[in-house]
Amino acid sequence: MQCSQCGANLPDGSQFCLKCGQPAPAPQDYTTLPITDAGLGCSTCGALLPPDAQFCLQCGKPVVSSPKSAAVTKATPGGFPGQRAKRLWILWLILVVLLGVVAWVVTSNSPSAQQLQEAIGLKQDRVILDNAFSVGPHTFRYYKIAQPQGSTHVAVVGQFTSTNFAQTPAKASEDAAGNIELYILTEGAFAVWQNGYATSSVYESGRVSQGAVQVELPTGAGIYYLVFSNKFSPKAAKSVHATFFLRYKRSPFFN
């Protein structure tokens, strides 16, 4: 069917021309108008219209795009501003929670955090010594300790026992307790101490025959010395059995 005014082809059931709005020559039942996949709706009577319609096929009113519909269509790809802000807020909240969990695992000394640190390789132990040795009278024995780079919460952990290493009863009676002195010294303090001068120490056991040690070293990479001293004994050598290791956490940001 064609419009008698402008000659435009009209769909079956058209009552008005979709180009010029002229009444159709032979009105038909509008229910026969095919429904397209994408079309317009008349703002006056609600009739479904083809996508390129400029006038309603049923009532003849000019077709006007709905501002509300256009706004909704425009907002669909990115969502409404309120929805986007809510999603961003949720993402930031999740990120903050994850950072909090990571910080707790890395820094906490609780049993649960310690287990997680061991499981993911943040908490590590390195053996310093695990053997028996003798320390003669007026002498000492030392072990050098280097803090690993990228390590935190570095501690010297271990235990030791000391007995007389005497070949005669006279020497054995000199120090019946079999005492030894244990020091943990910085590199500078060790240089002063071995020359016979008093100095500060990270740890000092006093004269004992056994002991358990757990001492956290000062922060920062450096060199330390684990010293077993028998300087105070003039004749009796000491037999020492010691097990010590360096316990530390490795920073997850250090390669």
# chains A, B, ... in the order shown; residues from 1 in each chain; ligands from 1
>>> residues_around(residues="range 211-217 of chain A", least_positions_apart="3", cutoff="12 Å", atoms="only C-alpha atoms", output="ChimeraX atom specification")
/A:145-148,151-162,179-186,201-208,220-226,240-249
>>> residues_around(residues="Gly136 in chain A", least_positions_apart="2", cutoff="9 Å", atoms="only C-alpha atoms", output="PyMOL selection string")
chain A and resi 134+138-141+165+230-231+233+235-239
>>> write_last_selection(atoms="N, CA, C and O atoms", output="compact mmCIF listing (two decimals), in the first residue's frame")
# COMPACT_ATOMS: atom_id res chain seq x y z
N SER A 134 85.29 -28.28 72.09
CA SER A 134 85.96 -27.95 73.35
C SER A 134 86.48 -26.53 73.31
O SER A 134 86.82 -26.00 72.24
N HIS A 138 91.43 -20.04 79.29
CA HIS A 138 91.88 -18.71 78.85
C HIS A 138 91.62 -18.47 77.35
O HIS A 138 92.26 -17.61 76.75
N THR A 139 90.69 -19.22 76.74
CA THR A 139 90.41 -19.04 75.32
C THR A 139 88.91 -18.91 75.09
O THR A 139 88.10 -19.02 76.02
N PHE A 140 88.55 -18.73 73.85
CA PHE A 140 87.14 -18.64 73.48
C PHE A 140 86.95 -19.21 72.07
O PHE A 140 87.92 -19.38 71.33
N ARG A 141 85.72 -19.49 71.74
CA ARG A 141 85.38 -19.98 70.41
C ARG A 141 84.20 -19.15 69.91
O ARG A 141 83.26 -18.88 70.66
N PHE A 165 86.18 -30.47 80.67
CA PHE A 165 86.92 -31.39 79.83
C PHE A 165 88.30 -31.53 80.47
O PHE A 165 89.30 -31.01 80.00
N ASN A 230 85.79 -19.11 77.66
CA ASN A 230 86.34 -19.78 78.83
C ASN A 230 87.55 -18.99 79.35
O ASN A 230 88.47 -19.55 79.95
N LYS A 231 87.54 -17.68 79.11
CA LYS A 231 88.65 -16.84 79.50
C LYS A 231 88.89 -16.84 81.01
O LYS A 231 90.02 -16.68 81.48
N SER A 233 88.62 -19.21 83.18
CA SER A 233 89.16 -20.43 83.77
C SER A 233 90.65 -20.55 83.47
O SER A 233 91.05 -20.59 82.30
N LYS A 235 92.76 -23.14 84.10
CA LYS A 235 93.29 -24.47 83.78
C LYS A 235 92.28 -25.41 83.11
O LYS A 235 92.67 -26.26 82.31
N ALA A 236 91.00 -25.32 83.48
CA ALA A 236 90.02 -26.33 83.05
C ALA A 236 89.47 -26.00 81.66
O ALA A 236 88.92 -24.91 81.44
N ALA A 237 89.61 -26.95 80.74
CA ALA A 237 88.96 -26.82 79.44
C ALA A 237 87.49 -27.24 79.57
O ALA A 237 87.13 -27.98 80.49
N LYS A 238 86.66 -26.79 78.67
CA LYS A 238 85.23 -27.08 78.72
C LYS A 238 84.80 -27.83 77.46
O LYS A 238 85.27 -27.53 76.35
N SER A 239 83.94 -28.79 77.68
CA SER A 239 83.33 -29.51 76.57
C SER A 239 81.91 -28.99 76.40
O SER A 239 81.09 -29.07 77.33
>>> atom_distance(atom1="CA of Lys19 in chain A", atom2="CA of Gln54 in chain A")
5.9 Å
>>> atom_distance(atom1="CA of Val63 in chain A", atom2="CA of Gln5 in chain A")
19.0 Å
>>> atom_distance(atom1="CA of Val64 in chain A", atom2="CA of Ser43 in chain A")
6.9 Å
>>> residues_around(residues="Gln58 in chain A", least_positions_apart="4", cutoff="8 Å", atoms="only C-alpha atoms", output="list in words")
Ser14, Gln15, Phe16, Tyr30, Cys45 and Ala47 of chain A
